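Structure file work_2.cif; described as mmCIF, N, CA and C atoms.
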```cif
data_final
#
loop_
_atom_site.group_PDB
_atom_site.id
_atom_site.type_symbol
_atom_site.label_atom_id
_atom_site.label_comp_id
_atom_site.auth_asym_id
_atom_site.auth_seq_id
_atom_site.Cartn_x
_atom_site.Cartn_y
_atom_site.Cartn_z
ATOM 1 N N MET A 988 -74.462 17.934 -175.469
ATOM 2 C CA MET A 988 -74.138 19.283 -175.066
ATOM 3 C C MET A 988 -74.266 20.259 -176.221
ATOM 4 N N GLY A 989 -74.114 19.767 -177.409
ATOM 5 C CA GLY A 989 -74.236 20.637 -178.559
ATOM 6 C C GLY A 989 -75.653 21.164 -178.726
ATOM 7 N N ARG A 990 -76.607 20.366 -178.312
ATOM 8 C CA ARG A 990 -77.997 20.793 -178.443
ATOM 9 C C ARG A 990 -78.319 21.963 -177.528
ATOM 10 N N LYS A 991 -77.753 21.949 -176.355
ATOM 11 C CA LYS A 991 -78.019 23.033 -175.419
ATOM 12 C C LYS A 991 -77.504 24.354 -175.993
ATOM 13 N N ASP A 992 -76.371 24.339 -176.598
ATOM 14 C CA ASP A 992 -75.829 25.549 -177.199
ATOM 15 C C ASP A 992 -76.649 25.984 -178.410
ATOM 16 N N ALA A 993 -77.156 25.024 -179.153
ATOM 17 C CA ALA A 993 -77.909 25.355 -180.367
ATOM 18 C C ALA A 993 -79.273 25.940 -180.023
ATOM 19 N N SER A 994 -79.844 25.534 -178.902
ATOM 20 C CA SER A 994 -81.180 26.025 -178.557
ATOM 21 C C SER A 994 -81.155 27.471 -178.072
ATOM 22 N N THR A 995 -80.035 27.926 -177.559
ATOM 23 C CA THR A 995 -79.969 29.299 -177.065
ATOM 24 C C THR A 995 -79.911 30.293 -178.211
ATOM 25 N N THR A 996 -79.317 29.941 -179.307
ATOM 26 C CA THR A 996 -79.256 30.841 -180.457
ATOM 27 C C THR A 996 -80.341 30.416 -181.445
ATOM 28 N N LYS A 997 -81.316 31.271 -181.613
ATOM 29 C CA LYS A 997 -82.425 30.963 -182.512
ATOM 30 C C LYS A 997 -82.201 31.659 -183.847
ATOM 31 N N LEU A 998 -82.674 31.015 -184.863
ATOM 32 C CA LEU A 998 -82.562 31.599 -186.187
ATOM 33 C C LEU A 998 -83.576 32.725 -186.331
ATOM 34 N N PRO A 999 -83.256 33.738 -187.080
ATOM 35 C CA PRO A 999 -84.208 34.834 -187.284
ATOM 36 C C PRO A 999 -85.503 34.367 -187.945
ATOM 37 N N VAL A 1000 -85.414 33.331 -188.757
ATOM 38 C CA VAL A 1000 -86.601 32.815 -189.422
ATOM 39 C C VAL A 1000 -87.567 32.229 -188.377
ATOM 40 N N ASP A 1001 -87.024 31.502 -187.393
ATOM 41 C CA ASP A 1001 -87.867 30.917 -186.344
ATOM 42 C C ASP A 1001 -88.525 32.008 -185.494
ATOM 43 N N GLN A 1002 -87.754 33.068 -185.199
ATOM 44 C CA GLN A 1002 -88.319 34.179 -184.431
ATOM 45 C C GLN A 1002 -89.435 34.855 -185.219
ATOM 46 N N TYR A 1003 -89.239 35.021 -186.504
ATOM 47 C CA TYR A 1003 -90.246 35.643 -187.359
ATOM 48 C C TYR A 1003 -91.514 34.786 -187.403
ATOM 49 N N ARG A 1004 -91.336 33.487 -187.552
ATOM 50 C CA ARG A 1004 -92.493 32.580 -187.572
ATOM 51 C C ARG A 1004 -93.251 32.634 -186.250
ATOM 52 N N LYS A 1005 -92.511 32.724 -185.164
ATOM 53 C CA LYS A 1005 -93.146 32.796 -183.854
ATOM 54 C C LYS A 1005 -93.968 34.083 -183.727
ATOM 55 N N GLN A 1006 -93.431 35.203 -184.194
ATOM 56 C CA GLN A 1006 -94.152 36.471 -184.149
ATOM 57 C C GLN A 1006 -95.422 36.405 -185.002
ATOM 58 N N ILE A 1007 -95.328 35.824 -186.176
ATOM 59 C CA ILE A 1007 -96.494 35.709 -187.059
ATOM 60 C C ILE A 1007 -97.546 34.824 -186.398
ATOM 61 N N GLY A 1008 -97.134 33.743 -185.756
ATOM 62 C CA GLY A 1008 -98.072 32.863 -185.074
ATOM 63 C C GLY A 1008 -98.783 33.584 -183.945
ATOM 64 N N LYS A 1009 -98.071 34.409 -183.203
ATOM 65 C CA LYS A 1009 -98.697 35.174 -182.115
ATOM 66 C C LYS A 1009 -99.711 36.166 -182.679
ATOM 67 N N GLN A 1010 -99.372 36.836 -183.751
ATOM 68 C CA GLN A 1010 -100.293 37.804 -184.350
ATOM 69 C C GLN A 1010 -101.544 37.115 -184.880
ATOM 70 N N ASP A 1011 -101.355 35.966 -185.487
ATOM 71 C CA ASP A 1011 -102.500 35.218 -186.015
ATOM 72 C C ASP A 1011 -103.386 34.749 -184.870
ATOM 73 N N TYR A 1012 -102.815 34.334 -183.765
ATOM 74 C CA TYR A 1012 -103.587 33.895 -182.605
ATOM 75 C C TYR A 1012 -104.388 35.053 -182.023
ATOM 76 N N LYS A 1013 -103.780 36.235 -181.990
ATOM 77 C CA LYS A 1013 -104.487 37.402 -181.468
ATOM 78 C C LYS A 1013 -105.691 37.754 -182.345
ATOM 79 N N LYS A 1014 -105.574 37.544 -183.627
ATOM 80 C CA LYS A 1014 -106.687 37.852 -184.525
ATOM 81 C C LYS A 1014 -107.831 36.867 -184.340
ATOM 82 N N THR A 1015 -107.499 35.617 -184.152
ATOM 83 C CA THR A 1015 -108.547 34.596 -184.114
ATOM 84 C C THR A 1015 -109.122 34.390 -182.721
ATOM 85 N N LYS A 1016 -108.519 34.954 -181.699
ATOM 86 C CA LYS A 1016 -109.008 34.724 -180.338
ATOM 87 C C LYS A 1016 -110.445 35.224 -180.147
ATOM 88 N N PRO A 1017 -110.814 36.429 -180.562
ATOM 89 C CA PRO A 1017 -112.214 36.851 -180.418
ATOM 90 C C PRO A 1017 -113.184 35.984 -181.233
ATOM 91 N N ILE A 1018 -112.740 35.552 -182.396
ATOM 92 C CA ILE A 1018 -113.579 34.693 -183.227
ATOM 93 C C ILE A 1018 -113.805 33.361 -182.535
ATOM 94 N N LEU A 1019 -112.751 32.807 -181.947
ATOM 95 C CA LEU A 1019 -112.876 31.545 -181.219
ATOM 96 C C LEU A 1019 -113.789 31.703 -180.014
ATOM 97 N N ARG A 1020 -113.679 32.811 -179.323
ATOM 98 C CA ARG A 1020 -114.526 33.067 -178.155
ATOM 99 C C ARG A 1020 -115.998 33.155 -178.569
ATOM 100 N N ALA A 1021 -116.262 33.842 -179.667
ATOM 101 C CA ALA A 1021 -117.641 33.979 -180.142
ATOM 102 C C ALA A 1021 -118.208 32.620 -180.561
ATOM 103 N N THR A 1022 -117.395 31.822 -181.213
ATOM 104 C CA THR A 1022 -117.841 30.494 -181.623
ATOM 105 C C THR A 1022 -118.130 29.623 -180.412
ATOM 106 N N LYS A 1023 -117.288 29.726 -179.400
ATOM 107 C CA LYS A 1023 -117.480 28.935 -178.179
ATOM 108 C C LYS A 1023 -118.767 29.351 -177.465
ATOM 109 N N LEU A 1024 -119.014 30.650 -177.360
ATOM 110 C CA LEU A 1024 -120.240 31.128 -176.717
ATOM 111 C C LEU A 1024 -121.489 30.710 -177.489
ATOM 112 N N LYS A 1025 -121.404 30.732 -178.801
ATOM 113 C CA LYS A 1025 -122.534 30.335 -179.626
ATOM 114 C C LYS A 1025 -122.850 28.851 -179.446
ATOM 115 N N ALA A 1026 -121.812 28.021 -179.403
ATOM 116 C CA ALA A 1026 -122.017 26.583 -179.208
ATOM 117 C C ALA A 1026 -122.576 26.299 -177.821
ATOM 118 N N GLU A 1027 -122.103 27.034 -176.829
ATOM 119 C CA GLU A 1027 -122.595 26.854 -175.456
ATOM 120 C C GLU A 1027 -124.071 27.245 -175.351
ATOM 121 N N ALA A 1028 -124.435 28.340 -175.984
ATOM 122 C CA ALA A 1028 -125.823 28.784 -175.951
ATOM 123 C C ALA A 1028 -126.723 27.786 -176.669
ATOM 124 N N LYS A 1029 -126.227 27.224 -177.742
ATOM 125 C CA LYS A 1029 -127.006 26.244 -178.493
ATOM 126 C C LYS A 1029 -127.213 24.975 -177.677
ATOM 127 N N LYS A 1030 -126.202 24.604 -176.904
ATOM 128 C CA LYS A 1030 -126.280 23.386 -176.098
ATOM 129 C C LYS A 1030 -127.250 23.543 -174.937
ATOM 130 N N THR A 1031 -127.290 24.710 -174.322
ATOM 131 C CA THR A 1031 -128.126 24.902 -173.136
ATOM 132 C C THR A 1031 -129.544 25.336 -173.468
ATOM 133 N N ALA A 1032 -129.805 25.771 -174.675
ATOM 134 C CA ALA A 1032 -131.141 26.248 -175.037
ATOM 135 C C ALA A 1032 -132.113 25.075 -175.159
ATOM 136 N N ILE A 1033 -133.342 25.322 -174.737
ATOM 137 C CA ILE A 1033 -134.384 24.304 -174.855
ATOM 138 C C ILE A 1033 -134.940 24.373 -176.270
ATOM 139 N N GLY A 1034 -134.957 23.242 -176.929
ATOM 140 C CA GLY A 1034 -135.425 23.196 -178.303
ATOM 141 C C GLY A 1034 -136.921 23.010 -178.395
ATOM 142 N N ILE A 1035 -137.433 23.225 -179.581
ATOM 143 C CA ILE A 1035 -138.860 23.091 -179.831
ATOM 144 C C ILE A 1035 -139.286 21.631 -179.680
ATOM 145 N N LYS A 1036 -138.407 20.711 -180.045
ATOM 146 C CA LYS A 1036 -138.745 19.292 -179.929
ATOM 147 C C LYS A 1036 -138.990 18.902 -178.476
ATOM 148 N N GLU A 1037 -138.133 19.368 -177.586
ATOM 149 C CA GLU A 1037 -138.287 19.025 -176.175
ATOM 150 C C GLU A 1037 -139.583 19.586 -175.606
ATOM 151 N N VAL A 1038 -139.898 20.821 -175.956
ATOM 152 C CA VAL A 1038 -141.125 21.448 -175.476
ATOM 153 C C VAL A 1038 -142.331 20.696 -176.021
ATOM 154 N N GLY A 1039 -142.297 20.330 -177.282
ATOM 155 C CA GLY A 1039 -143.389 19.581 -177.888
ATOM 156 C C GLY A 1039 -143.575 18.213 -177.238
ATOM 157 N N LEU A 1040 -142.474 17.545 -176.946
ATOM 158 C CA LEU A 1040 -142.571 16.240 -176.296
ATOM 159 C C LEU A 1040 -143.162 16.343 -174.895
ATOM 160 N N VAL A 1041 -142.782 17.354 -174.158
ATOM 161 C CA VAL A 1041 -143.315 17.538 -172.806
ATOM 162 C C VAL A 1041 -144.811 17.837 -172.871
ATOM 163 N N LEU A 1042 -145.210 18.717 -173.779
ATOM 164 C CA LEU A 1042 -146.635 19.033 -173.924
ATOM 165 C C LEU A 1042 -147.444 17.815 -174.372
ATOM 166 N N ALA A 1043 -146.897 17.024 -175.281
ATOM 167 C CA ALA A 1043 -147.585 15.816 -175.731
ATOM 168 C C ALA A 1043 -147.725 14.818 -174.585
ATOM 169 N N ALA A 1044 -146.705 14.685 -173.754
ATOM 170 C CA ALA A 1044 -146.775 13.769 -172.612
ATOM 171 C C ALA A 1044 -147.831 14.221 -171.608
ATOM 172 N N ILE A 1045 -147.894 15.506 -171.343
ATOM 173 C CA ILE A 1045 -148.898 16.035 -170.411
ATOM 174 C C ILE A 1045 -150.301 15.829 -170.981
ATOM 175 N N LEU A 1046 -150.465 16.086 -172.263
ATOM 176 C CA LEU A 1046 -151.760 15.896 -172.910
ATOM 177 C C LEU A 1046 -152.184 14.421 -172.868
ATOM 178 N N ALA A 1047 -151.260 13.515 -173.134
ATOM 179 C CA ALA A 1047 -151.577 12.088 -173.087
ATOM 180 C C ALA A 1047 -151.950 11.664 -171.672
ATOM 181 N N LEU A 1048 -151.264 12.194 -170.677
ATOM 182 C CA LEU A 1048 -151.579 11.868 -169.287
ATOM 183 C C LEU A 1048 -152.975 12.370 -168.910
ATOM 184 N N LEU A 1049 -153.308 13.580 -169.292
ATOM 185 C CA LEU A 1049 -154.643 14.116 -169.007
ATOM 186 C C LEU A 1049 -155.732 13.332 -169.735
ATOM 187 N N LEU A 1050 -155.469 12.953 -170.963
ATOM 188 C CA LEU A 1050 -156.435 12.172 -171.727
ATOM 189 C C LEU A 1050 -156.660 10.806 -171.085
ATOM 190 N N ALA A 1051 -155.603 10.158 -170.636
ATOM 191 C CA ALA A 1051 -155.729 8.867 -169.964
ATOM 192 C C ALA A 1051 -156.503 9.020 -168.651
ATOM 193 N N PHE A 1052 -156.222 10.066 -167.913
ATOM 194 C CA PHE A 1052 -156.917 10.346 -166.648
ATOM 195 C C PHE A 1052 -158.408 10.556 -166.896
ATOM 196 N N TYR A 1053 -158.716 11.356 -167.904
ATOM 197 C CA TYR A 1053 -160.109 11.627 -168.254
ATOM 198 C C TYR A 1053 -160.817 10.347 -168.702
ATOM 199 N N ALA A 1054 -160.180 9.563 -169.553
ATOM 200 C CA ALA A 1054 -160.776 8.323 -170.052
ATOM 201 C C ALA A 1054 -161.020 7.340 -168.910
ATOM 202 N N PHE A 1055 -160.074 7.246 -167.995
ATOM 203 C CA PHE A 1055 -160.235 6.338 -166.858
ATOM 204 C C PHE A 1055 -161.475 6.701 -166.047
ATOM 205 N N PHE A 1056 -161.620 7.952 -165.693
ATOM 206 C CA PHE A 1056 -162.765 8.364 -164.884
ATOM 207 C C PHE A 1056 -164.073 8.336 -165.676
ATOM 208 N N TYR A 1057 -164.014 8.620 -166.952
ATOM 209 C CA TYR A 1057 -165.220 8.548 -167.774
ATOM 210 C C TYR A 1057 -165.739 7.112 -167.825
ATOM 211 N N LEU A 1058 -164.837 6.181 -168.094
ATOM 212 C CA LEU A 1058 -165.254 4.774 -168.152
ATOM 213 C C LEU A 1058 -165.661 4.256 -166.779
ATOM 214 N N ARG A 1059 -164.981 4.683 -165.758
ATOM 215 C CA ARG A 1059 -165.284 4.235 -164.396
ATOM 216 C C ARG A 1059 -166.672 4.717 -163.966
ATOM 217 N N LEU A 1060 -166.993 5.958 -164.225
ATOM 218 C CA LEU A 1060 -168.292 6.503 -163.810
ATOM 219 C C LEU A 1060 -169.425 6.019 -164.708
ATOM 220 N N SER A 1061 -169.154 5.796 -165.982
ATOM 221 C CA SER A 1061 -170.222 5.343 -166.873
ATOM 222 C C SER A 1061 -170.585 3.892 -166.598
ATOM 223 N N MET A 1062 -169.687 3.086 -166.084
ATOM 224 C CA MET A 1062 -169.974 1.689 -165.759
ATOM 225 C C MET A 1062 -170.773 1.564 -164.467
ATOM 226 N N ASP A 1063 -170.657 2.490 -163.543
ATOM 227 C CA ASP A 1063 -171.330 2.410 -162.252
ATOM 228 C C ASP A 1063 -172.824 2.713 -162.340
ATOM 229 N N VAL A 1064 -173.236 3.414 -163.340
ATOM 230 C CA VAL A 1064 -174.639 3.785 -163.463
ATOM 231 C C VAL A 1064 -175.427 2.556 -163.927
ATOM 232 N N ASP A 1065 -176.458 2.193 -163.147
ATOM 233 C CA ASP A 1065 -177.295 1.045 -163.487
ATOM 234 C C ASP A 1065 -178.559 1.566 -164.180
ATOM 235 N N PRO A 1066 -178.800 1.208 -165.426
ATOM 236 C CA PRO A 1066 -179.963 1.753 -166.143
ATOM 237 C C PRO A 1066 -181.297 1.239 -165.606
ATOM 238 N N ASP A 1067 -181.326 0.132 -164.828
ATOM 239 C CA ASP A 1067 -182.571 -0.407 -164.292
ATOM 240 C C ASP A 1067 -183.085 0.397 -163.119
ATOM 241 N N LEU A 1068 -182.232 1.090 -162.438
ATOM 242 C CA LEU A 1068 -182.664 1.846 -161.274
ATOM 243 C C LEU A 1068 -183.278 3.179 -161.702
ATOM 244 N N ASP A 1069 -184.382 3.485 -161.115
ATOM 245 C CA ASP A 1069 -185.027 4.765 -161.353
ATOM 246 C C ASP A 1069 -184.725 5.668 -160.162
ATOM 247 N N PRO A 1070 -184.191 6.837 -160.370
ATOM 248 C CA PRO A 1070 -183.831 7.681 -159.231
ATOM 249 C C PRO A 1070 -185.016 8.123 -158.405
ATOM 250 N N ASP A 1071 -186.250 8.058 -158.954
ATOM 251 C CA ASP A 1071 -187.420 8.493 -158.213
ATOM 252 C C ASP A 1071 -187.998 7.386 -157.312
ATOM 253 N N GLU A 1072 -187.532 6.167 -157.517
ATOM 254 C CA GLU A 1072 -188.055 5.062 -156.711
ATOM 255 C C GLU A 1072 -187.462 5.092 -155.314
ATOM 256 N N ASP A 1073 -188.294 4.695 -154.341
ATOM 257 C CA ASP A 1073 -187.799 4.619 -152.954
ATOM 258 C C ASP A 1073 -187.784 3.198 -152.485
#
```
Once you've parsed the file, please lay out its structure as C-alpha cells.
Amino acid sequence: MGRKDASTTKLPVDQYRKQIGKQDYKKTKPILRATKLKAEAKKTAIGIKEVGLVLAAILALLLAFYAFFYLRLSMDVDPDLDPDED
C-alpha cells in the first residue's frame, strides 16, 4: 500500500526529466520521419544491378534464340543440290 501512495506524489526532478524527454522527442520526430522515408525509398527503388541483370538475361535469351535458328537453318541446306535442277 505504501507504493500506491508514493506513486501519486512525484518528485520535481522526475517531472523535469519527463518534460525534457518530451521536448527531445519533439525535436527528433521530424528527423526520424525523414530517415524512415529515405530508407523506404531506398528499399523500393530499382537498382542499377537489377536493371543490368534483366537486360543481360534478355540479351542472352535473344542470342540463344538466334543461335538456335542459325544452326538449325544452316544444317538443312544441302550443298549437293542445285536450285536450278529439276
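The space between atom C of Gly1034 in chain A and atom N of Leu1046 in chain A spans 16.4 Å.
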CA of Thr1022 in chain A to atom N of Ile1007 in chain A measures 23.6 Å
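Note that CA of Gln1006 in chain A and CA of Ile1018 in chain A are 19.5 Å apart.
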